[in-house]
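Beneath this line is the structure, given in structure tokens, with notes to follow.
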Amino acid sequence: MDLGTLLGIVGSFAVVAVAILLGGSFGQFVDIPSILIVFGGGFAATLIRFPLAGIGGAFVVGGKVAFTSKSIKPRDLIDEIGNLAEIVRKSGPLGLENVDVSDPSLAKGVQYIADGYELDFIRESMERERDLTLSRLSEGKRVFKALGDSAPAFGMIGTLVGLVQMLANMDDPSAIGPAMAIALLTTLYGALISNILCLPVCDKLDSKFDIEELNQTLIIDGITQIRENKSPALIKEMLIAYLPEKARAGLMDAA
């Protein structure tokens with residue numbers, strides 16, 4: 001569980017809730033027409049941009065990325081790949097049969113080596129899987145970005161609807177209140193949805209895209225070097241290039 005995401009969402013809504021309670025009650029901030037305009041309109045506009053299956057997949061990917069913090073550091077991957085190279089050097093490819101591997105992609109590459117697949121097949125297969133993973137993350141990012149853009153836009157549309165209703169019924173004081181509620185609450189709902197849920201998840205997906213691209217490319221290079229029977233020290237030295245400058249010193253000495 002990613003506590004940062006959970007604390008951020010709960011904290012944001014808690015701040016708004018406290019502000020509401022200090023000045024009135026929750027009932028004043030619940031308006032069904034406003035909810036329909038923002039939620040229904042924003043989702044319908046997103047349906048126009050993307051296929052329904054793509055939206056469903058985006059919610060699954062976004063939920064996994066936003067609420068799970070499982071991510072392996074490149075430095076740990078380099079150490080693990082170096083250890084795998086040591087096993088191959090001492091016991092051959094069959095020595096990898098019963099090795100526990102932390103990353104699923106790395107585990108698949110290790111299995112390819114243990115099964116004796118050719119280098120070109122291993123590289124093409126792993127690169128295809130990496131590209132598909134990145135494509136899903138990119139699609140999810142685009143969907144949440146679209147939702148984040150649509151919610152405030154429909155909030156503004158609801159505001160205009162409420163203002164038109166209010167101006168059209170100025171002679172009826174009882175109609176002014178509900179019309180003003182639509183005018184103001186749709187903007188509030190749109191801002192909350194966009195800035196607390198959609199755009200933060202979009203940024204998480206963007207960050208995850210960069211992390212996955214780096215890790216998957218590092219794994220592919222490491223697996224292909226092991227398949228070519230390069231020495232563990234040489235493999236680690238080549239993979240150190242994936243690390244930031246400050247993180248390279250310790251591994252360079254070890255290599």
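Each chain in the structure tokens gets a letter, A, B and so on, in the order shown; residues start at 1 in every chain, and ligands are counted from 1 in the order they appear.
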Among the residues of region 34-210 of chain A, find those DSSP assigns to alpha helix (DSSP H) from the backbone and print them as a short mmCIF file (atom, residue, chain, number, x, y, z; two decimals) with N, CA, C and O atoms, in the first residue's frame.
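New file result12.cif:
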data_model
loop_
_atom_site.label_atom_id
_atom_site.label_comp_id
_atom_site.auth_asym_id
_atom_site.auth_seq_id
_atom_site.Cartn_x
_atom_site.Cartn_y
_atom_site.Cartn_z
N SER A 34 -25.77 19.01 -9.65
CA SER A 34 -24.35 19.33 -9.82
C SER A 34 -23.51 18.07 -9.97
O SER A 34 -22.58 18.01 -10.79
N ILE A 35 -23.83 17.05 -9.17
CA ILE A 35 -23.10 15.77 -9.27
C ILE A 35 -23.30 15.15 -10.64
O ILE A 35 -22.34 14.65 -11.26
N GLY A 41 -21.12 14.15 -16.97
CA GLY A 41 -20.59 14.84 -18.14
C GLY A 41 -19.12 14.56 -18.37
O GLY A 41 -18.69 14.32 -19.50
N GLY A 42 -18.32 14.56 -17.28
CA GLY A 42 -16.89 14.29 -17.42
C GLY A 42 -16.62 12.89 -17.93
O GLY A 42 -15.77 12.69 -18.80
N PHE A 43 -17.36 11.91 -17.39
CA PHE A 43 -17.16 10.53 -17.84
C PHE A 43 -17.63 10.35 -19.28
O PHE A 43 -16.97 9.66 -20.08
N ALA A 44 -18.75 10.98 -19.65
CA ALA A 44 -19.26 10.86 -21.02
C ALA A 44 -18.28 11.48 -22.01
O ALA A 44 -18.05 10.92 -23.10
N ALA A 45 -17.70 12.62 -21.66
CA ALA A 45 -16.73 13.25 -22.55
C ALA A 45 -15.49 12.38 -22.73
O ALA A 45 -14.90 12.32 -23.82
N THR A 46 -15.09 11.69 -21.66
CA THR A 46 -13.93 10.79 -21.76
C THR A 46 -14.25 9.59 -22.64
O THR A 46 -13.38 9.09 -23.36
N LEU A 47 -15.51 9.12 -22.59
CA LEU A 47 -15.92 8.01 -23.46
C LEU A 47 -15.78 8.37 -24.93
O LEU A 47 -15.52 7.51 -25.77
N ILE A 48 -15.97 9.64 -25.25
CA ILE A 48 -15.84 10.07 -26.64
C ILE A 48 -14.39 9.96 -27.09
O ILE A 48 -14.09 9.61 -28.24
N ARG A 49 -13.46 10.23 -26.19
CA ARG A 49 -12.04 10.25 -26.54
C ARG A 49 -11.41 8.86 -26.62
O ARG A 49 -10.47 8.64 -27.39
N LEU A 52 -14.24 2.14 -24.57
CA LEU A 52 -14.68 1.76 -23.23
C LEU A 52 -13.69 0.79 -22.57
O LEU A 52 -13.40 0.90 -21.38
N ALA A 53 -13.17 -0.16 -23.34
CA ALA A 53 -12.20 -1.12 -22.78
C ALA A 53 -10.94 -0.41 -22.31
O ALA A 53 -10.35 -0.77 -21.29
N GLY A 54 -10.53 0.63 -23.05
CA GLY A 54 -9.33 1.38 -22.66
C GLY A 54 -9.54 2.13 -21.36
O GLY A 54 -8.63 2.23 -20.54
N ILE A 55 -10.76 2.64 -21.15
CA ILE A 55 -11.04 3.37 -19.91
C ILE A 55 -11.04 2.41 -18.73
O ILE A 55 -10.49 2.70 -17.67
N GLY A 56 -11.65 1.24 -18.91
CA GLY A 56 -11.64 0.24 -17.84
C GLY A 56 -10.23 -0.18 -17.47
O GLY A 56 -9.88 -0.27 -16.29
N GLY A 57 -9.41 -0.43 -18.49
CA GLY A 57 -8.02 -0.80 -18.23
C GLY A 57 -7.24 0.31 -17.55
O GLY A 57 -6.39 0.05 -16.70
N ALA A 58 -7.55 1.56 -17.92
CA ALA A 58 -6.86 2.71 -17.31
C ALA A 58 -7.17 2.81 -15.82
O ALA A 58 -6.28 3.11 -15.01
N PHE A 59 -8.42 2.55 -15.44
CA PHE A 59 -8.78 2.59 -14.02
C PHE A 59 -8.05 1.49 -13.25
O PHE A 59 -7.62 1.71 -12.10
N VAL A 60 -7.92 0.32 -13.85
CA VAL A 60 -7.20 -0.77 -13.19
C VAL A 60 -5.73 -0.41 -13.01
O VAL A 60 -5.16 -0.55 -11.91
N VAL A 61 -5.10 0.06 -14.08
CA VAL A 61 -3.68 0.43 -14.02
C VAL A 61 -3.48 1.59 -13.05
O VAL A 61 -2.55 1.59 -12.23
N GLY A 62 -4.35 2.61 -13.14
CA GLY A 62 -4.22 3.76 -12.26
C GLY A 62 -4.36 3.39 -10.80
O GLY A 62 -3.62 3.89 -9.94
N GLY A 63 -5.32 2.49 -10.50
CA GLY A 63 -5.49 2.06 -9.12
C GLY A 63 -4.28 1.32 -8.60
O GLY A 63 -3.85 1.53 -7.46
N LYS A 64 -3.72 0.44 -9.42
CA LYS A 64 -2.54 -0.32 -8.99
C LYS A 64 -1.35 0.60 -8.74
O LYS A 64 -0.64 0.47 -7.75
N VAL A 65 -1.13 1.53 -9.66
CA VAL A 65 0.02 2.43 -9.54
C VAL A 65 -0.15 3.39 -8.37
O VAL A 65 0.79 3.66 -7.61
N ALA A 66 -1.38 3.93 -8.20
CA ALA A 66 -1.61 4.94 -7.17
C ALA A 66 -1.56 4.37 -5.76
O ALA A 66 -1.09 5.03 -4.83
N PHE A 67 -2.04 3.13 -5.60
CA PHE A 67 -2.20 2.60 -4.24
C PHE A 67 -1.23 1.48 -3.90
O PHE A 67 -1.33 0.88 -2.83
N PRO A 74 16.92 0.60 -9.28
CA PRO A 74 17.89 0.13 -10.27
C PRO A 74 19.16 -0.46 -9.64
O PRO A 74 19.71 -1.43 -10.14
N ARG A 75 19.59 0.14 -8.55
CA ARG A 75 20.81 -0.37 -7.90
C ARG A 75 20.61 -1.80 -7.42
O ARG A 75 21.51 -2.65 -7.54
N ASP A 76 19.43 -2.09 -6.86
CA ASP A 76 19.14 -3.46 -6.40
C ASP A 76 19.08 -4.42 -7.58
O ASP A 76 19.51 -5.58 -7.47
N LEU A 77 18.53 -3.95 -8.70
CA LEU A 77 18.49 -4.79 -9.89
C LEU A 77 19.88 -5.13 -10.39
O LEU A 77 20.17 -6.26 -10.80
N ILE A 78 20.76 -4.14 -10.36
CA ILE A 78 22.13 -4.36 -10.82
C ILE A 78 22.82 -5.40 -9.95
O ILE A 78 23.51 -6.31 -10.44
N ASP A 79 22.64 -5.27 -8.64
CA ASP A 79 23.23 -6.26 -7.72
C ASP A 79 22.68 -7.66 -7.99
O ASP A 79 23.43 -8.65 -8.01
N GLU A 80 21.36 -7.73 -8.21
CA GLU A 80 20.74 -9.03 -8.44
C GLU A 80 21.20 -9.64 -9.76
O GLU A 80 21.48 -10.85 -9.84
N ILE A 81 21.30 -8.82 -10.80
CA ILE A 81 21.78 -9.31 -12.09
C ILE A 81 23.23 -9.78 -11.98
O ILE A 81 23.62 -10.80 -12.57
N GLY A 82 24.05 -9.05 -11.20
CA GLY A 82 25.43 -9.48 -10.98
C GLY A 82 25.50 -10.83 -10.29
O GLY A 82 26.32 -11.68 -10.66
N ASN A 83 24.62 -11.06 -9.32
CA ASN A 83 24.59 -12.35 -8.63
C ASN A 83 24.15 -13.47 -9.57
O ASN A 83 24.69 -14.60 -9.51
N LEU A 84 23.19 -13.17 -10.45
CA LEU A 84 22.76 -14.17 -11.43
C LEU A 84 23.88 -14.52 -12.40
O LEU A 84 24.06 -15.69 -12.77
N ALA A 85 24.65 -13.50 -12.79
CA ALA A 85 25.79 -13.76 -13.68
C ALA A 85 26.83 -14.64 -13.00
O ALA A 85 27.45 -15.50 -13.64
N GLU A 86 27.02 -14.44 -11.69
CA GLU A 86 27.95 -15.28 -10.94
C GLU A 86 27.48 -16.74 -10.94
O GLU A 86 28.28 -17.67 -11.08
N ILE A 87 26.17 -16.95 -10.79
CA ILE A 87 25.63 -18.32 -10.78
C ILE A 87 25.86 -18.99 -12.13
O ILE A 87 26.27 -20.16 -12.21
N VAL A 88 25.60 -18.24 -13.21
CA VAL A 88 25.80 -18.80 -14.55
C VAL A 88 27.27 -19.13 -14.78
O VAL A 88 27.62 -20.15 -15.40
N ARG A 89 28.15 -18.27 -14.28
CA ARG A 89 29.58 -18.49 -14.46
C ARG A 89 30.05 -19.76 -13.75
O ARG A 89 30.92 -20.49 -14.25
N LYS A 90 29.48 -20.04 -12.59
CA LYS A 90 29.92 -21.19 -11.80
C LYS A 90 29.18 -22.47 -12.17
O LYS A 90 29.78 -23.54 -12.22
N SER A 91 27.86 -22.35 -12.43
CA SER A 91 27.04 -23.56 -12.60
C SER A 91 26.42 -23.69 -13.99
O SER A 91 25.73 -24.67 -14.25
N PRO A 104 9.25 -9.73 -11.87
CA PRO A 104 8.67 -10.69 -12.83
C PRO A 104 9.35 -10.69 -14.19
O PRO A 104 9.55 -11.75 -14.78
N SER A 105 9.71 -9.52 -14.69
CA SER A 105 10.38 -9.46 -16.00
C SER A 105 11.75 -10.09 -15.94
O SER A 105 12.17 -10.80 -16.86
N LEU A 106 12.46 -9.81 -14.86
CA LEU A 106 13.77 -10.43 -14.68
C LEU A 106 13.63 -11.94 -14.55
O LEU A 106 14.44 -12.71 -15.09
N ALA A 107 12.60 -12.39 -13.84
CA ALA A 107 12.36 -13.83 -13.69
C ALA A 107 12.10 -14.48 -15.04
O ALA A 107 12.58 -15.60 -15.31
N LYS A 108 11.35 -13.80 -15.90
CA LYS A 108 11.08 -14.36 -17.23
C LYS A 108 12.37 -14.45 -18.04
O LYS A 108 12.61 -15.45 -18.74
N GLY A 109 13.20 -13.43 -17.96
CA GLY A 109 14.47 -13.47 -18.67
C GLY A 109 15.37 -14.57 -18.17
O GLY A 109 16.05 -15.26 -18.95
N VAL A 110 15.40 -14.76 -16.86
CA VAL A 110 16.19 -15.84 -16.27
C VAL A 110 15.70 -17.20 -16.77
O VAL A 110 16.50 -18.09 -17.09
N GLN A 111 14.38 -17.36 -16.86
CA GLN A 111 13.83 -18.61 -17.36
C GLN A 111 14.21 -18.86 -18.81
O GLN A 111 14.49 -20.00 -19.21
N TYR A 112 14.20 -17.78 -19.61
CA TYR A 112 14.63 -17.90 -21.01
C TYR A 112 16.06 -18.44 -21.10
O TYR A 112 16.37 -19.30 -21.92
N ILE A 113 16.95 -17.89 -20.24
CA ILE A 113 18.35 -18.33 -20.26
C ILE A 113 18.45 -19.79 -19.83
O ILE A 113 19.16 -20.60 -20.44
N ALA A 114 17.73 -20.12 -18.77
CA ALA A 114 17.79 -21.49 -18.26
C ALA A 114 17.25 -22.49 -19.29
O ALA A 114 17.74 -23.62 -19.38
N ASP A 115 16.27 -22.06 -20.10
CA ASP A 115 15.69 -22.96 -21.11
C ASP A 115 16.52 -23.00 -22.40
O ASP A 115 16.18 -23.75 -23.32
N LEU A 119 19.65 -15.68 -28.22
CA LEU A 119 19.75 -14.29 -27.77
C LEU A 119 18.72 -13.39 -28.46
O LEU A 119 18.07 -12.56 -27.82
N ASP A 120 18.57 -13.54 -29.78
CA ASP A 120 17.65 -12.66 -30.52
C ASP A 120 16.21 -12.85 -30.05
O ASP A 120 15.46 -11.87 -29.91
N PHE A 121 15.83 -14.09 -29.80
CA PHE A 121 14.47 -14.35 -29.30
C PHE A 121 14.26 -13.70 -27.93
O PHE A 121 13.21 -13.10 -27.66
N ILE A 122 15.26 -13.85 -27.06
CA ILE A 122 15.13 -13.28 -25.71
C ILE A 122 14.97 -11.76 -25.78
O ILE A 122 14.08 -11.18 -25.14
N ARG A 123 15.82 -11.12 -26.58
CA ARG A 123 15.75 -9.66 -26.67
C ARG A 123 14.41 -9.21 -27.26
O ARG A 123 13.77 -8.29 -26.72
N GLU A 124 14.00 -9.81 -28.35
CA GLU A 124 12.75 -9.40 -29.00
C GLU A 124 11.55 -9.62 -28.10
O GLU A 124 10.65 -8.77 -28.01
N SER A 125 11.52 -10.75 -27.42
CA SER A 125 10.39 -11.05 -26.53
C SER A 125 10.31 -10.07 -25.37
O SER A 125 9.23 -9.54 -25.04
N MET A 126 11.44 -9.79 -24.74
CA MET A 126 11.45 -8.90 -23.59
C MET A 126 11.20 -7.45 -23.99
O MET A 126 10.54 -6.69 -23.26
N GLU A 127 11.70 -7.04 -25.14
CA GLU A 127 11.43 -5.68 -25.61
C GLU A 127 9.96 -5.50 -25.95
O GLU A 127 9.37 -4.44 -25.69
N ARG A 128 9.34 -6.52 -26.53
CA ARG A 128 7.91 -6.45 -26.83
C ARG A 128 7.08 -6.33 -25.56
O ARG A 128 6.15 -5.53 -25.48
N GLU A 129 7.44 -7.11 -24.55
CA GLU A 129 6.71 -7.04 -23.27
C GLU A 129 6.91 -5.67 -22.61
O GLU A 129 5.97 -5.11 -22.04
N ARG A 130 8.13 -5.14 -22.68
CA ARG A 130 8.37 -3.81 -22.12
C ARG A 130 7.52 -2.75 -22.83
O ARG A 130 6.90 -1.90 -22.18
N ASP A 131 7.48 -2.81 -24.15
CA ASP A 131 6.72 -1.81 -24.90
C ASP A 131 5.23 -1.90 -24.60
O ASP A 131 4.54 -0.86 -24.52
N LEU A 132 4.70 -3.10 -24.42
CA LEU A 132 3.28 -3.26 -24.08
C LEU A 132 2.98 -2.70 -22.69
O LEU A 132 1.94 -2.06 -22.48
N THR A 133 3.88 -2.94 -21.75
CA THR A 133 3.69 -2.40 -20.39
C THR A 133 3.70 -0.88 -20.42
O THR A 133 2.84 -0.23 -19.80
N LEU A 134 4.64 -0.30 -21.13
CA LEU A 134 4.72 1.16 -21.23
C LEU A 134 3.51 1.73 -21.96
O LEU A 134 3.03 2.82 -21.61
N SER A 135 3.01 1.00 -22.94
CA SER A 135 1.82 1.46 -23.67
C SER A 135 0.60 1.51 -22.75
O SER A 135 -0.20 2.46 -22.81
N ARG A 136 0.45 0.51 -21.88
CA ARG A 136 -0.67 0.52 -20.93
C ARG A 136 -0.56 1.69 -19.95
O ARG A 136 -1.56 2.34 -19.63
N LEU A 137 0.65 1.95 -19.48
CA LEU A 137 0.84 3.07 -18.58
C LEU A 137 0.55 4.39 -19.27
O LEU A 137 -0.08 5.29 -18.70
N SER A 138 0.99 4.52 -20.51
CA SER A 138 0.75 5.75 -21.27
C SER A 138 -0.74 5.97 -21.53
O SER A 138 -1.24 7.09 -21.41
N GLU A 139 -1.45 4.89 -21.87
CA GLU A 139 -2.90 5.00 -22.09
C GLU A 139 -3.62 5.39 -20.81
O GLU A 139 -4.53 6.22 -20.81
N GLY A 140 -3.22 4.79 -19.69
CA GLY A 140 -3.83 5.15 -18.42
C GLY A 140 -3.58 6.61 -18.07
O GLY A 140 -4.48 7.31 -17.58
N LYS A 141 -2.37 7.08 -18.33
CA LYS A 141 -2.05 8.48 -18.07
C LYS A 141 -2.92 9.41 -18.90
O LYS A 141 -3.44 10.43 -18.40
N ARG A 142 -3.14 9.08 -20.16
CA ARG A 142 -3.96 9.91 -21.04
C ARG A 142 -5.42 9.94 -20.58
O ARG A 142 -6.08 10.99 -20.63
N VAL A 143 -5.93 8.79 -20.11
CA VAL A 143 -7.32 8.75 -19.65
C VAL A 143 -7.51 9.62 -18.41
O VAL A 143 -8.47 10.41 -18.33
N PHE A 144 -6.61 9.49 -17.44
CA PHE A 144 -6.76 10.29 -16.22
C PHE A 144 -6.51 11.77 -16.50
O PHE A 144 -7.11 12.64 -15.85
N LYS A 145 -5.65 12.07 -17.46
CA LYS A 145 -5.45 13.48 -17.85
C LYS A 145 -6.73 14.03 -18.48
O LYS A 145 -7.13 15.17 -18.20
N ALA A 146 -7.40 13.21 -19.29
CA ALA A 146 -8.65 13.64 -19.91
C ALA A 146 -9.73 13.87 -18.85
O ALA A 146 -10.48 14.86 -18.91
N LEU A 147 -9.81 12.96 -17.87
CA LEU A 147 -10.79 13.14 -16.78
C LEU A 147 -10.47 14.39 -15.97
O LEU A 147 -11.37 15.13 -15.57
N GLY A 148 -9.18 14.62 -15.72
CA GLY A 148 -8.77 15.81 -14.98
C GLY A 148 -9.08 17.09 -15.71
O GLY A 148 -9.34 18.13 -15.09
N ASP A 149 -9.05 17.06 -17.04
CA ASP A 149 -9.41 18.24 -17.84
C ASP A 149 -10.92 18.41 -17.95
O ASP A 149 -11.43 19.54 -17.96
N SER A 150 -11.65 17.28 -18.02
CA SER A 150 -13.10 17.35 -18.24
C SER A 150 -13.85 17.80 -16.99
O SER A 150 -14.85 18.53 -17.10
N ALA A 151 -13.41 17.38 -15.81
CA ALA A 151 -14.15 17.70 -14.59
C ALA A 151 -14.27 19.21 -14.35
O ALA A 151 -15.39 19.71 -14.14
N PRO A 152 -13.18 19.99 -14.39
CA PRO A 152 -13.35 21.44 -14.21
C PRO A 152 -14.15 22.08 -15.35
O PRO A 152 -14.88 23.05 -15.12
N ALA A 153 -14.01 21.53 -16.57
CA ALA A 153 -14.76 22.10 -17.70
C ALA A 153 -16.26 21.92 -17.49
O ALA A 153 -17.05 22.85 -17.71
N PHE A 154 -16.67 20.73 -17.03
CA PHE A 154 -18.08 20.53 -16.77
C PHE A 154 -18.53 21.25 -15.50
O PHE A 154 -19.71 21.56 -15.35
N GLY A 155 -17.59 21.51 -14.60
CA GLY A 155 -17.91 22.37 -13.47
C GLY A 155 -18.28 23.76 -13.94
O GLY A 155 -19.25 24.37 -13.45
N MET A 156 -17.53 24.26 -14.92
CA MET A 156 -17.86 25.58 -15.49
C MET A 156 -19.18 25.54 -16.26
O MET A 156 -19.98 26.49 -16.20
N ILE A 157 -19.42 24.44 -16.97
CA ILE A 157 -20.69 24.30 -17.68
C ILE A 157 -21.85 24.32 -16.68
O ILE A 157 -22.88 24.98 -16.90
N GLY A 158 -21.69 23.60 -15.57
CA GLY A 158 -22.73 23.61 -14.55
C GLY A 158 -22.94 24.99 -13.95
O GLY A 158 -24.07 25.38 -13.64
N THR A 159 -21.84 25.74 -13.80
CA THR A 159 -21.97 27.11 -13.30
C THR A 159 -22.80 27.96 -14.24
O THR A 159 -23.68 28.73 -13.82
N LEU A 160 -22.55 27.81 -15.54
CA LEU A 160 -23.33 28.58 -16.53
C LEU A 160 -24.79 28.16 -16.52
O LEU A 160 -25.68 29.01 -16.62
N VAL A 161 -25.03 26.85 -16.38
CA VAL A 161 -26.42 26.37 -16.31
C VAL A 161 -27.13 26.98 -15.11
O VAL A 161 -28.27 27.46 -15.19
N GLY A 162 -26.46 26.97 -13.96
CA GLY A 162 -27.06 27.53 -12.75
C GLY A 162 -27.31 29.01 -12.88
O GLY A 162 -28.35 29.52 -12.42
N LEU A 163 -26.39 29.75 -13.50
CA LEU A 163 -26.58 31.20 -13.67
C LEU A 163 -27.74 31.50 -14.60
O LEU A 163 -28.53 32.43 -14.35
N VAL A 164 -27.86 30.71 -15.67
CA VAL A 164 -28.99 30.92 -16.58
C VAL A 164 -30.30 30.66 -15.86
O VAL A 164 -31.28 31.43 -15.99
N GLN A 165 -30.37 29.58 -15.09
CA GLN A 165 -31.59 29.28 -14.34
C GLN A 165 -31.91 30.37 -13.33
O GLN A 165 -33.07 30.74 -13.12
N MET A 166 -30.87 30.89 -12.68
CA MET A 166 -31.09 31.93 -11.69
C MET A 166 -31.61 33.21 -12.34
O MET A 166 -32.57 33.83 -11.86
N LEU A 167 -30.98 33.62 -13.44
CA LEU A 167 -31.40 34.85 -14.11
C LEU A 167 -32.78 34.72 -14.73
O LEU A 167 -33.52 35.71 -14.84
N ALA A 168 -33.14 33.50 -15.13
CA ALA A 168 -34.46 33.30 -15.73
C ALA A 168 -35.58 33.29 -14.70
O ALA A 168 -36.76 33.37 -15.05
N PRO A 173 -38.14 34.10 -5.83
CA PRO A 173 -37.04 33.97 -4.87
C PRO A 173 -36.74 32.53 -4.48
O PRO A 173 -35.58 32.19 -4.20
N SER A 174 -37.75 31.63 -4.49
CA SER A 174 -37.52 30.25 -4.08
C SER A 174 -36.67 29.48 -5.08
O SER A 174 -36.10 28.44 -4.75
N ALA A 175 -36.58 29.94 -6.32
CA ALA A 175 -35.79 29.25 -7.35
C ALA A 175 -34.35 29.73 -7.41
O ALA A 175 -33.51 29.09 -8.04
N ILE A 176 -34.08 30.86 -6.77
CA ILE A 176 -32.73 31.43 -6.85
C ILE A 176 -31.72 30.55 -6.10
O ILE A 176 -30.61 30.30 -6.58
N GLY A 177 -32.11 30.04 -4.91
CA GLY A 177 -31.20 29.23 -4.10
C GLY A 177 -30.72 27.98 -4.81
O GLY A 177 -29.51 27.75 -4.93
N PRO A 178 -31.64 27.11 -5.30
CA PRO A 178 -31.19 25.90 -6.02
C PRO A 178 -30.34 26.21 -7.25
O PRO A 178 -29.38 25.50 -7.54
N ALA A 179 -30.69 27.28 -7.98
CA ALA A 179 -29.91 27.64 -9.16
C ALA A 179 -28.50 28.08 -8.77
O ALA A 179 -27.52 27.74 -9.44
N MET A 180 -28.38 28.84 -7.68
CA MET A 180 -27.06 29.25 -7.21
C MET A 180 -26.24 28.05 -6.73
O MET A 180 -25.01 28.01 -6.88
N ALA A 181 -26.93 27.07 -6.12
CA ALA A 181 -26.23 25.87 -5.67
C ALA A 181 -25.59 25.15 -6.85
O ALA A 181 -24.43 24.73 -6.79
N ILE A 182 -26.34 24.99 -7.94
CA ILE A 182 -25.78 24.37 -9.14
C ILE A 182 -24.61 25.19 -9.66
O ILE A 182 -23.55 24.67 -10.03
N ALA A 183 -24.79 26.50 -9.68
CA ALA A 183 -23.76 27.39 -10.24
C ALA A 183 -22.44 27.28 -9.49
O ALA A 183 -21.37 27.31 -10.10
N LEU A 184 -22.50 27.17 -8.17
CA LEU A 184 -21.28 27.18 -7.38
C LEU A 184 -20.73 25.77 -7.10
O LEU A 184 -19.52 25.55 -7.15
N LEU A 185 -21.62 24.83 -6.81
CA LEU A 185 -21.15 23.50 -6.42
C LEU A 185 -20.54 22.71 -7.56
O LEU A 185 -19.65 21.88 -7.34
N THR A 186 -21.00 22.92 -8.79
CA THR A 186 -20.39 22.20 -9.91
C THR A 186 -18.92 22.60 -10.07
O THR A 186 -18.06 21.74 -10.34
N THR A 187 -18.62 23.87 -9.88
CA THR A 187 -17.22 24.31 -9.93
C THR A 187 -16.42 23.67 -8.82
O THR A 187 -15.28 23.21 -9.03
N LEU A 188 -16.99 23.58 -7.62
CA LEU A 188 -16.31 22.95 -6.49
C LEU A 188 -16.06 21.47 -6.77
O LEU A 188 -14.94 20.97 -6.58
N TYR A 189 -17.09 20.75 -7.22
CA TYR A 189 -16.93 19.32 -7.50
C TYR A 189 -15.86 19.09 -8.57
O TYR A 189 -15.03 18.19 -8.45
N GLY A 190 -15.92 19.87 -9.62
CA GLY A 190 -14.94 19.70 -10.70
C GLY A 190 -13.52 19.92 -10.24
O GLY A 190 -12.60 19.18 -10.59
N ALA A 191 -13.30 20.96 -9.39
CA ALA A 191 -11.96 21.25 -8.89
C ALA A 191 -11.47 20.13 -7.97
O ALA A 191 -10.29 19.74 -8.02
N LEU A 192 -12.36 19.61 -7.12
CA LEU A 192 -11.96 18.54 -6.20
C LEU A 192 -11.57 17.27 -6.96
O LEU A 192 -10.54 16.65 -6.68
N LEU A 199 -5.66 14.31 -11.66
CA LEU A 199 -4.33 14.81 -12.05
C LEU A 199 -3.21 14.21 -11.20
O LEU A 199 -2.14 13.89 -11.73
N PRO A 200 -3.40 13.99 -9.87
CA PRO A 200 -2.34 13.31 -9.12
C PRO A 200 -2.08 11.88 -9.62
O PRO A 200 -0.93 11.45 -9.68
N VAL A 201 -3.15 11.14 -9.95
CA VAL A 201 -2.95 9.79 -10.48
C VAL A 201 -2.24 9.85 -11.83
O VAL A 201 -1.39 9.01 -12.14
N CYS A 202 -2.59 10.85 -12.64
CA CYS A 202 -1.91 11.04 -13.92
C CYS A 202 -0.42 11.26 -13.72
O CYS A 202 0.41 10.66 -14.43
N ASP A 203 -0.06 12.08 -12.74
CA ASP A 203 1.36 12.32 -12.46
C ASP A 203 2.04 11.06 -11.93
O ASP A 203 3.22 10.80 -12.24
N LYS A 204 1.32 10.26 -11.13
CA LYS A 204 1.89 9.00 -10.64
C LYS A 204 2.18 8.06 -11.80
O LYS A 204 3.22 7.39 -11.84
N LEU A 205 1.26 7.99 -12.75
CA LEU A 205 1.45 7.14 -13.92
C LEU A 205 2.63 7.63 -14.76
O LEU A 205 3.38 6.82 -15.31
N ASP A 206 2.78 8.94 -14.85
CA ASP A 206 3.91 9.49 -15.61
C ASP A 206 5.23 9.12 -14.94
O ASP A 206 6.19 8.72 -15.61
N SER A 207 5.28 9.22 -13.61
CA SER A 207 6.49 8.84 -12.88
C SER A 207 6.75 7.34 -13.01
O SER A 207 7.90 6.91 -13.21
N LYS A 208 5.69 6.54 -12.91
CA LYS A 208 5.83 5.09 -13.05
C LYS A 208 6.32 4.71 -14.44
O LYS A 208 7.11 3.76 -14.60
N PHE A 209 5.89 5.44 -15.46
CA PHE A 209 6.33 5.19 -16.84
C PHE A 209 7.85 5.33 -16.92
O PHE A 209 8.53 4.46 -17.49
N ASP A 210 8.39 6.41 -16.35
CA ASP A 210 9.84 6.63 -16.41
C ASP A 210 10.59 5.54 -15.65
O ASP A 210 11.63 5.05 -16.11
#
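From CA of Ala241 (chain A) back to CA of Glu213 (chain A), the distance works out to 14.6 Å.
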Shell around Leu218 (chain A) at 8 Å using only C-alpha atoms, local window under 2 positions removed, as a ChimeraX atom specification: /A:74,214-216,220-222,239,242
For CA of Lys236 (chain A) and CA of Val99 (chain A), the interatomic separation in Å (one decimal): 19.0 Å
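Here CA of Pro232 (chain A) stands at a distance of 26.6 Å from CA of Lys70 (chain A).
Distances here use only C-alpha atoms; by that measure, the residue among A:Pro93, A:Ser12, A:Val30, A:Ala17 closest to Tyr117 (chain A) is A:Pro93.
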Among listed residues A:Ile223, A:Leu3, A:Leu94, A:Val101, nearest Gly116 (chain A) (using only C-alpha atoms): A:Leu94
